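J.: Got a structure for you, questions after.
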Amino acid sequence: MELNQLTAHVILGKLKAREVSLDAVYAALYARILKIEPQVKAYVRNNKEPVLPLESRPDSLLNGIPVTIKDNICTEGLNTECCSKILEGFRPPYDATVISKLKDSGAGIFPLKANMDEFAFGSSTENSYFGPTANPWSLKHVPGGSSGGSAAAVAADEAIWALGSDTGGSIRQPASFCGVVGLKPTYGRVSRFGLIAFASSLDQIGPITKDVQDAAILTGIIAGYDPKDSTSINQSVPDYTKSLTGEIKGLKIGIPKEYFVEGMDNEVKSIIEEAINKLKNLGAVTKPVSLPHTEYAVPVYYIIATAEASSNLARFDGVQYGYRAKSNNLIEMYKKTRAEGFGDEAKRRILLGTFALSHGYYDAYYLRALKVRTLIKQDFDRVFSDFDCIVTPTSPTAAFKIGEKTLDPLKMYLSDIYTISVNLAGIPAISIPCGFTKAGLPVGLQITAKAFNEEMLFRLAHTFEQNTEWHKLKPKL
Amino acid sequence: MNYETVIGLEVHLQLKTKTKAFCACAIDFGQAPNSGTCPVCLGFPGTLPVYNKAALNSAIKVALAFDCQIQKHTKFDRKNYFYPDLPKNYQISQYDLPLSRNGHLMIASQDAPKRIGITRIHLEEDAGKLIHEADASLVDFNRAGIPLLEIVSEPDLSSPQEAFDYLTGLKNILEYLDVSDCDMEKGSLRCDANISLRPQGVKELGVKTELKNMNSFKGIKDALTFEISRQTEMLQANQAMFQETRLWDADKGETVSMRSKEGAKDYRYFPDPDLTVFIIEEPMILAIKADLPELPEQKLRRFTQEYALSAYDAEILVNSKNDAKFAEDCIRKYPGSDKKAIVNWLIGPLLAEANYRKVKLHELNLDKDELIKLVGFVQRQEISFLSAKNVLTQMIASQKSAQTLIQEGNLLQVSDTGKLQEAIETVIGENEKSVNDFKAGKTNALMFLVGQVMKKSAGKANPKIVSDLISRRLS
């Protein structure tokens with residue numbers, strides 16, 4: 001295998017044993033990018049000469065292994081544009097806390113940033129100002145979104161591993177579509193400082209990796225309390241690699257009946273059922289459970305997320321940074337800058353959110369949505385008082401075709417139906433590869449646990465992974 | 001028809017904390033534009049606010065000083081509106097769960113004290129400043145993110161004078177608390193006023209006008225006075241009133257309509273998801289309460305008890321924190337047992353000097369020990385009260401000691417009866433009619449004769465001794 005195809009923990013072993021050099025790792029990545037990037041387009045603003053790695057620090061935890069970063073995570077001195085025209089040329093004078101933590105651990109920050117739906121608004125990476133990314137397993141299909149660039153880059157071995165962000169499934173759904181591992185940590189587990197906000201009460205940064213061990217390592221590095229983020233929680237970070245025991249005998253797994261209803265692709269359904277059987281064979285106990293408020297998750301999410309987004313995106317006005325349209329006065333500057341700077345989906349969500357917060361509608365929409373959000377959270381609390389985790393599909397279908405859902409936003413929104421509740425409840429969830437459709441598209445299995453129990457996710461996911469071969473398959477490109 | 005005035009005031013107060021409300025920028029006035037900023041207060045993408053505990057403490061302190069109820073569970077909300085001085089295009093403020101509610105402030109109204117309700121006091125962040133030039137508008141964000149208290153009164157004020165008194169009282173207490181510079185000219189204290197008129201005896205409120213752009217307490221009083229006559233005229237002419245915001249033009253002495261409130265702004269308030277709900281625990285409130293300084297009301301009570309001051313005199317002194325301190329220092333230093341002597345000087349000649357110079361009592365360039373020496377000269381009848389007042393004026397102007405000025409002016413009173421006797425004999429010789437009048441029982445004549453002696457001694461004769469000597473001589 002080429003170096004770029006390996007997982008970070010394998011490369012790390014080779015670097016420490018001095019079998020390979022960091023330069024060789026970069027060279028392999030650049031060679032791969034040069035070859036397949038014209039078809040995959042996982043990276044944006046890719047018109048630069050390859051950048052040489054910083055000198056590696058053999059004493060450091062990660063020895064300089066580069067991490068690919070989604071375009072909405074601030075990297076000092078490196079453009080961070082959320083794949084939006086309105087942030088054209090924005091080069092933050094600061095690092096996100098996760099970036100500082102990566103640097104402190106000796107990771108390299110890969111100089112190209114990963115494509116995404118503009119401001120993370122989308123489930124297919126088609127809403128990027130820079131154009132869509134293709135699914136490495138089938139170039140006519142979407143990679144999922146919004147972290148589609150990160151997931152495609154990892155799946156296509158254009159990245160060793162990557163960071164994405166997940167507001168309603170934006171890490172897990174593309175991980176599922178691209179056949180890689182993606183974790184949405186507990187809300188408050190990872191600092192949001194430096195993540196350009198979509199919906200502040202839902203956003204979390206998380207890893208997208210080639211296997212569960214890499215996800216455990218990367219999560220351990222980026223997690224932890226940050227005094228710069230009031231919503232981050234002061235709780236110690238365990239060594240997640242210690243939970244990779246391979247032992248799941250007696251674990252109680254809930255299978256929510258509300259997730260296995262119409263709208264779910266039959267092929268996906270049987271793949272998931274097979275995966276559940278596998279878990280049983282490995283010693284876990286499964287039982288049907290109920291999450292009765294599941295059907296409200298999508299509407300509640302689209303009220304809360306768009307309301308917060310409408311306010312979070314107000315700052316993009318052409319005054320201080322990013323794109324500013326030519327104009328004759330202030331109001332015209334606001335209007336033209338925002339009209340020309342935002343894409344259609346961003347505008348749609350700003351309008352939706354502005355409406356939901358408007359006088360006379362607030363109680364009926366936003367306030368009610370907050371109340372139902374509490375009910376959804378209580379559904380999970382009830383199940384987790386008896387169960388160790390919940391297993392579901394990550395998405396009702398495998399990857400869909402580019403352009404298939406762009407004209408029907410509602411249909412697009414429904415592709416996150418299994419991932420959204422997790423964000424509303426603030427709990428962690430992981431997506432791991434669990435099979436392929438006949439057309440050769442990956443399917444992901446989602447495992448959910450109670451807040452701050454990422455260890456349970458890694459334990460179950462790792463055990464499943466070590467007893468299957470799905471994560472070892474590579475797309476033919 | 002007679003109309004009744006209804007006024008409510010909204011005060012914005014910059015807290016003088018070391019750092020801004022939601023970031024670590026040091027607050028330092030007079031910096032170059034935009035040098036006192038960081039990515040957080042500039043609202044850069046990805047940055048997050050973290051609230052400043054010191055600002056919260058100051059806010060609770062103020063709330064307690066006005067007897068407000070502290071909200072145990074409080075939170076920050078976003079007030080959404082677009083303006084270039086607002087980096088995020090929303091202001092972090094407090095909406096439905098303000099830090100505190102239901103306070104009050106007592107003001108002196110005609111005879112009886114009047115209770116002015118304080119609806120709420122909440123914490124928010126200040127915006128930046130726009131500077132308009134010929135071809136462009138510039139923004140200075142140094143002010144953006146400075147903690148700001150909003151203090152909203154009930155519509156309990158019924159005249160411009162009451163509004164003035166309320167603000168003076170408010171400012172006085174705020175100065176005691178030492179939480180703000182309270183300087184209207186520099187914008188650390190800002191005030192908008194809501195005013196409406198209604199026919200005497202009617203319960204419902206009339207249509208209100210919001211007044212902005214006043215930059216002194218006097219300006220507020222003037223703007224309100226102008227509004228009363230403007231609205232009275234409109235009402236008397238049966239003109240339709242509508243809710244509007246008007247700007248005070250201090251030069252022209254009138255208010256000008258800025259915008260009608262008919263299309264009222266929708267700020268789309270919602271809880272700021274970047275800042276979690278926080279709980280103000282009882283022990284924290286008790287600790288802040290225990291730490292409150294002595295406030296004017298308490299000081300007034302103490303001054304009347306400890307120094308046997310009249311309520312009237314004490315009130316003059318406690319009306320300013322620094323004046324009260326200056327006065328109390330002087331009273332404590334004064335060695336005599338009759339404190340009234342020094343108090344009379346403080347609220348008499350000293351206050352007159354301060355008023356004349358348009359400064360506060362404590363701002364007079366006056367050494368306290370020298371003042372006490374001067375009062376001593378008078379008490380011992382070594383100089384006359386009149387001379388002493390002149391000496392005081394010179395002391396302030398020249399910084400010379402009382403002793404020096406008395407010597408230079410040759411002001412020591414003549415109490416030497418031998419020397420005085422000479423002058424008395426001369427005066428008696430020259431004023432036969434008055435002497436006879438006195439002998440005939442007209443007491444006014446004695447005053448005249450004393451005056452004549454005083455004149456001869458160039459004011460240095462001790463009038464009491466002169467009076468005694470003449471009486472004895474003529475009886």
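Residues are referred to by chain and number: the chain letter is A, B, ... according to the order shown in the structure tokens, the number counts from 1 in that chain, and ligands are numbered separately from 1 in the order shown.
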Output the contact residues of chain A with respect to chain B at a cut-off of 9 Å, based on only C-alpha atoms, as a compact mmCIF listing (two decimals) with C-alpha atoms, in the first residue's frame.
T.:
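selection18.txt, written as the output of this step:
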# COMPACT_ATOMS: atom_id res chain seq x y z
CA ASN A 72 -15.22 26.36 8.30
CA ILE A 73 -12.55 25.80 10.96
CA CYS A 74 -10.29 28.82 11.44
CA PRO A 92 -8.23 34.46 10.23
CA PRO A 93 -5.62 35.98 12.52
CA TYR A 94 -6.21 33.12 14.97
CA ALA A 96 -9.50 27.50 16.25
CA ARG A 192 -16.29 25.44 19.16
CA PHE A 193 -13.92 28.40 19.37
CA GLY A 194 -12.80 29.06 15.82
CA LEU A 195 -15.52 27.00 14.19
CA ILE A 196 -17.49 29.44 12.08
CA ALA A 197 -20.92 28.98 13.56
CA ALA A 199 -26.15 26.74 14.69
CA SER A 200 -24.32 27.37 17.92
CA SER A 201 -26.38 25.04 20.12
CA PRO A 227 -12.19 28.71 28.64
CA LYS A 228 -12.77 30.49 25.32
CA ASP A 229 -16.00 28.52 24.76
CA SER A 230 -18.60 28.94 27.51
CA THR A 231 -20.50 25.94 26.20
CA ALA A 307 -33.03 30.68 13.70
CA GLU A 308 -29.53 30.52 15.12
CA SER A 311 -28.37 35.57 13.61
CA ASN A 312 -24.91 33.97 13.30
CA LEU A 313 -24.67 34.96 9.65
CA ALA A 314 -25.77 38.56 10.23
CA ARG A 315 -22.13 39.57 10.72
CA PHE A 316 -21.35 38.92 7.07
CA ASP A 317 -22.21 42.41 5.89
CA VAL A 319 -18.10 46.02 6.72
CA GLN A 320 -15.00 44.36 8.15
CA TYR A 321 -13.91 41.33 6.13
CA LEU A 330 -24.88 51.64 3.53
CA TYR A 334 -25.72 45.43 2.96
CA THR A 354 -35.55 35.24 10.46
CA ALA A 356 -39.08 31.82 12.98
CA LEU A 357 -37.71 34.49 15.31
CA SER A 358 -40.03 37.27 14.17
CA HIS A 359 -42.41 39.01 16.49
CA TYR A 362 -41.45 33.29 18.05
CA TYR A 366 -38.86 28.88 18.10
J.: Please provide the set of residues having any atom within 12 Å of Asn57 of chain B, restricted to only C-alpha atoms, with same-chain residues fewer than 2 positions apart removed, written as a ChimeraX atom specification.
T.: /B:15-17,21,51-55,59-64,70,99,122-123,147,149,177,179,280,284-289,291-292
J.: Going by DSSP on the backbone, which residues of segment 213-408 of chain B come out as strand (DSSP E or B)? List them as a ChimeraX atom specification.
T.: /B:244-249,254-260,270-271,278-279
J.: Export C-alpha atoms of the chosen residues as a short mmCIF file (atom, residue, chain, number, x, y, z; two decimals), in the first residue's frame?
T.:
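That gives us result.cif:
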data_model
loop_
_atom_site.label_atom_id
_atom_site.label_comp_id
_atom_site.auth_asym_id
_atom_site.auth_seq_id
_atom_site.Cartn_x
_atom_site.Cartn_y
_atom_site.Cartn_z
CA GLU B 244 -42.01 58.84 17.44
CA THR B 245 -38.39 59.28 18.30
CA ARG B 246 -37.15 62.87 18.44
CA LEU B 247 -33.62 64.21 18.68
CA TRP B 248 -32.74 67.09 20.98
CA ASP B 249 -30.90 69.92 19.25
CA GLU B 254 -35.80 72.14 20.16
CA THR B 255 -36.55 68.51 19.38
CA VAL B 256 -36.64 67.23 15.81
CA SER B 257 -38.44 64.12 14.61
CA MET B 258 -36.04 61.29 13.74
CA ARG B 259 -38.31 58.37 12.94
CA SER B 260 -41.85 57.34 13.52
CA PHE B 270 -33.67 34.95 21.37
CA PRO B 271 -31.40 33.36 23.98
CA PHE B 278 -26.25 31.22 34.68
CA ILE B 279 -27.41 31.08 38.24
#
J.: Provide the atom CA of Gly108 of chain A to atom CA of Leu15 of chain A distance in Å, to one decimal place.
T.: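 Those two atoms sit 13.7 Å apart.
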J.: For Val422 of chain A, please output as a ChimeraX atom specification all residues within 8 Å (counting only C-alpha atoms; exclusion window: fewer than 6 positions along the same chain).
T.: /A:168,428-429,448
J.: Please identify which residues in segment 275-421 of chain B DSSP calls helix (DSSP H, G or I) from the backbone, and express them as a ChimeraX atom specification.
T.: /B:282-290,296-306,311-318,321-333,340-357,361-363,368-379,385-398,402-408,417-421
J.: Set the distance at 12 Å and use only C-alpha atoms: which residues neighbour Ile376 of chain A once local chain neighbours fewer than 5 positions away are removed? I'd like the list as a PDB file with N, CA and C atoms, in the first residue's frame.
T.:
ATOM      1  N   SER A 290     -38.171   2.552  21.907  1.00  0.00           N
ATOM      2  CA  SER A 290     -38.959   3.586  21.241  1.00  0.00           C
ATOM      3  C   SER A 290     -38.398   4.967  21.552  1.00  0.00           C
ATOM      4  N   LEU A 291     -38.294   5.776  20.520  1.00  0.00           N
ATOM      5  CA  LEU A 291     -37.951   7.195  20.668  1.00  0.00           C
ATOM      6  C   LEU A 291     -39.154   7.949  20.080  1.00  0.00           C
ATOM      7  N   PRO A 292     -40.218   8.113  20.884  1.00  0.00           N
ATOM      8  CA  PRO A 292     -41.519   8.512  20.324  1.00  0.00           C
ATOM      9  C   PRO A 292     -41.542   9.862  19.608  1.00  0.00           C
ATOM     10  N   HIS A 293     -40.638  10.761  19.944  1.00  0.00           N
ATOM     11  CA  HIS A 293     -40.713  12.089  19.316  1.00  0.00           C
ATOM     12  C   HIS A 293     -39.846  12.224  18.070  1.00  0.00           C
ATOM     13  N   THR A 294     -39.392  11.084  17.560  1.00  0.00           N
ATOM     14  CA  THR A 294     -38.505  11.099  16.392  1.00  0.00           C
ATOM     15  C   THR A 294     -39.083  11.888  15.214  1.00  0.00           C
ATOM     16  N   GLU A 295     -40.388  11.738  14.990  1.00  0.00           N
ATOM     17  CA  GLU A 295     -40.966  12.373  13.797  1.00  0.00           C
ATOM     18  C   GLU A 295     -40.882  13.896  13.824  1.00  0.00           C
ATOM     19  N   TYR A 296     -40.683  14.472  15.039  1.00  0.00           N
ATOM     20  CA  TYR A 296     -40.609  15.940  15.115  1.00  0.00           C
ATOM     21  C   TYR A 296     -39.194  16.468  14.935  1.00  0.00           C
ATOM     22  N   ALA A 297     -38.220  15.563  14.877  1.00  0.00           N
ATOM     23  CA  ALA A 297     -36.824  16.003  14.883  1.00  0.00           C
ATOM     24  C   ALA A 297     -36.500  16.925  13.707  1.00  0.00           C
ATOM     25  N   VAL A 298     -36.937  16.552  12.516  1.00  0.00           N
ATOM     26  CA  VAL A 298     -36.573  17.368  11.344  1.00  0.00           C
ATOM     27  C   VAL A 298     -37.185  18.773  11.431  1.00  0.00           C
ATOM     28  N   VAL A 300     -38.226  20.430  14.099  1.00  0.00           N
ATOM     29  CA  VAL A 300     -37.628  21.138  15.243  1.00  0.00           C
ATOM     30  C   VAL A 300     -36.228  21.619  14.872  1.00  0.00           C
ATOM     31  N   TYR A 301     -35.487  20.727  14.237  1.00  0.00           N
ATOM     32  CA  TYR A 301     -34.125  21.074  13.833  1.00  0.00           C
ATOM     33  C   TYR A 301     -34.119  22.262  12.873  1.00  0.00           C
ATOM     34  N   ALA A 369     -40.345  24.822  19.399  1.00  0.00           N
ATOM     35  CA  ALA A 369     -39.283  23.912  18.958  1.00  0.00           C
ATOM     36  C   ALA A 369     -38.335  23.586  20.119  1.00  0.00           C
ATOM     37  N   LEU A 370     -38.032  24.609  20.960  1.00  0.00           N
ATOM     38  CA  LEU A 370     -37.155  24.363  22.108  1.00  0.00           C
ATOM     39  C   LEU A 370     -37.785  23.352  23.054  1.00  0.00           C
ATOM     40  N   LYS A 371     -39.114  23.460  23.215  1.00  0.00           N
ATOM     41  CA  LYS A 371     -39.809  22.534  24.125  1.00  0.00           C
ATOM     42  C   LYS A 371     -39.777  21.104  23.583  1.00  0.00           C
ATOM     43  N   ASP A 381     -32.744   9.984  27.029  1.00  0.00           N
ATOM     44  CA  ASP A 381     -32.403   9.758  28.440  1.00  0.00           C
ATOM     45  C   ASP A 381     -33.089   8.494  28.946  1.00  0.00           C
ATOM     46  N   ARG A 382     -34.366   8.346  28.569  1.00  0.00           N
ATOM     47  CA  ARG A 382     -35.139   7.200  29.029  1.00  0.00           C
ATOM     48  C   ARG A 382     -34.501   5.896  28.522  1.00  0.00           C
ATOM     49  N   VAL A 383     -34.161   5.872  27.231  1.00  0.00           N
ATOM     50  CA  VAL A 383     -33.570   4.652  26.675  1.00  0.00           C
ATOM     51  C   VAL A 383     -32.210   4.372  27.323  1.00  0.00           C
ATOM     52  N   ILE A 420     -30.165  13.906  12.869  1.00  0.00           N
ATOM     53  CA  ILE A 420     -30.547  15.188  13.470  1.00  0.00           C
ATOM     54  C   ILE A 420     -30.877  15.095  14.966  1.00  0.00           C
ATOM     55  N   SER A 421     -31.616  14.041  15.360  1.00  0.00           N
ATOM     56  CA  SER A 421     -32.038  13.909  16.769  1.00  0.00           C
ATOM     57  C   SER A 421     -30.848  13.935  17.711  1.00  0.00           C
ATOM     58  N   VAL A 422     -29.750  13.347  17.266  1.00  0.00           N
ATOM     59  CA  VAL A 422     -28.549  13.255  18.093  1.00  0.00           C
ATOM     60  C   VAL A 422     -28.023  14.656  18.425  1.00  0.00           C
ATOM     61  N   ASN A 423     -28.034  15.552  17.448  1.00  0.00           N
ATOM     62  CA  ASN A 423     -27.581  16.919  17.702  1.00  0.00           C
ATOM     63  C   ASN A 423     -28.549  17.629  18.644  1.00  0.00           C
ATOM     64  N   LEU A 424     -29.842  17.410  18.420  1.00  0.00           N
ATOM     65  CA  LEU A 424     -30.835  18.062  19.276  1.00  0.00           C
ATOM     66  C   LEU A 424     -30.676  17.605  20.725  1.00  0.00           C
ATOM     67  N   ALA A 425     -30.319  16.316  20.898  1.00  0.00           N
ATOM     68  CA  ALA A 425     -30.170  15.771  22.249  1.00  0.00           C
ATOM     69  C   ALA A 425     -28.789  16.056  22.826  1.00  0.00           C
ATOM     70  N   GLY A 426     -27.855  16.528  21.998  1.00  0.00           N
ATOM     71  CA  GLY A 426     -26.506  16.864  22.483  1.00  0.00           C
ATOM     72  C   GLY A 426     -25.634  15.660  22.790  1.00  0.00           C
ATOM     73  N   ILE A 427     -26.041  14.477  22.311  1.00  0.00           N
ATOM     74  CA  ILE A 427     -25.315  13.247  22.654  1.00  0.00           C
ATOM     75  C   ILE A 427     -24.330  12.873  21.541  1.00  0.00           C
TER      76      ILE A 427
END
J.: If I take atom CA of Gln204 of chain A and atom CA of Asp166 of chain A, how far is one from the other in Å, to one decimal?
T.: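 Going from atom CA of Gln204 of chain A over to atom CA of Asp166 of chain A, I get 5.4 Å.
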J.: Please provide the set of residues having any atom within 8 Å of segment 191-199 of chain B, restricted to only C-alpha atoms, with same-chain residues fewer than 2 positions apart removed, written as a PyMOL selection string.
T.: chain B and resi 1-12+189+201-202+204-215+220+224+227-228+231-232
J.: Nearest to Ser188 of chain B among B:Glu233, B:Glu150, B:Glu162, B:Asp251, with distances taken over only C-alpha atoms: which residue is it?
T.: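 Looking only at the distances to Ser188 of chain B, the closest residue turns out to be B:Glu150.
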J.: So how many Å separate atom CA of Ala127 of chain B and atom CA of Gln14 of chain B, to one decimal?
T.: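 Interatomic distance here is 11.1 Å.
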J.: Can you tell me, as a list of chain:residue names, what residues are no more than 12 Å from Asp59 of chain A when counting only C-alpha atoms, ignoring any on the same chain fewer than 5 positions away?
T.: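 The neighbour list is A:Leu12, A:Leu15, A:Lys16, A:Gly64, A:Asp104, A:Ser105, A:Gly106, A:Ala107.
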J.: A:Ser415, A:Thr75, A:Asn234, A:Thr397: which is nearest Lys101 of chain A, counting only C-alpha atoms?
T.: A:Thr75
J.: Could you tell me which of A:Gln39, A:Ser170, A:Thr186, A:Thr125 comes closest to Trp137 of chain A if we count only C-alpha atoms?
T.: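 Answer, going by the shortest atom-to-atom distance: A:Gln39.
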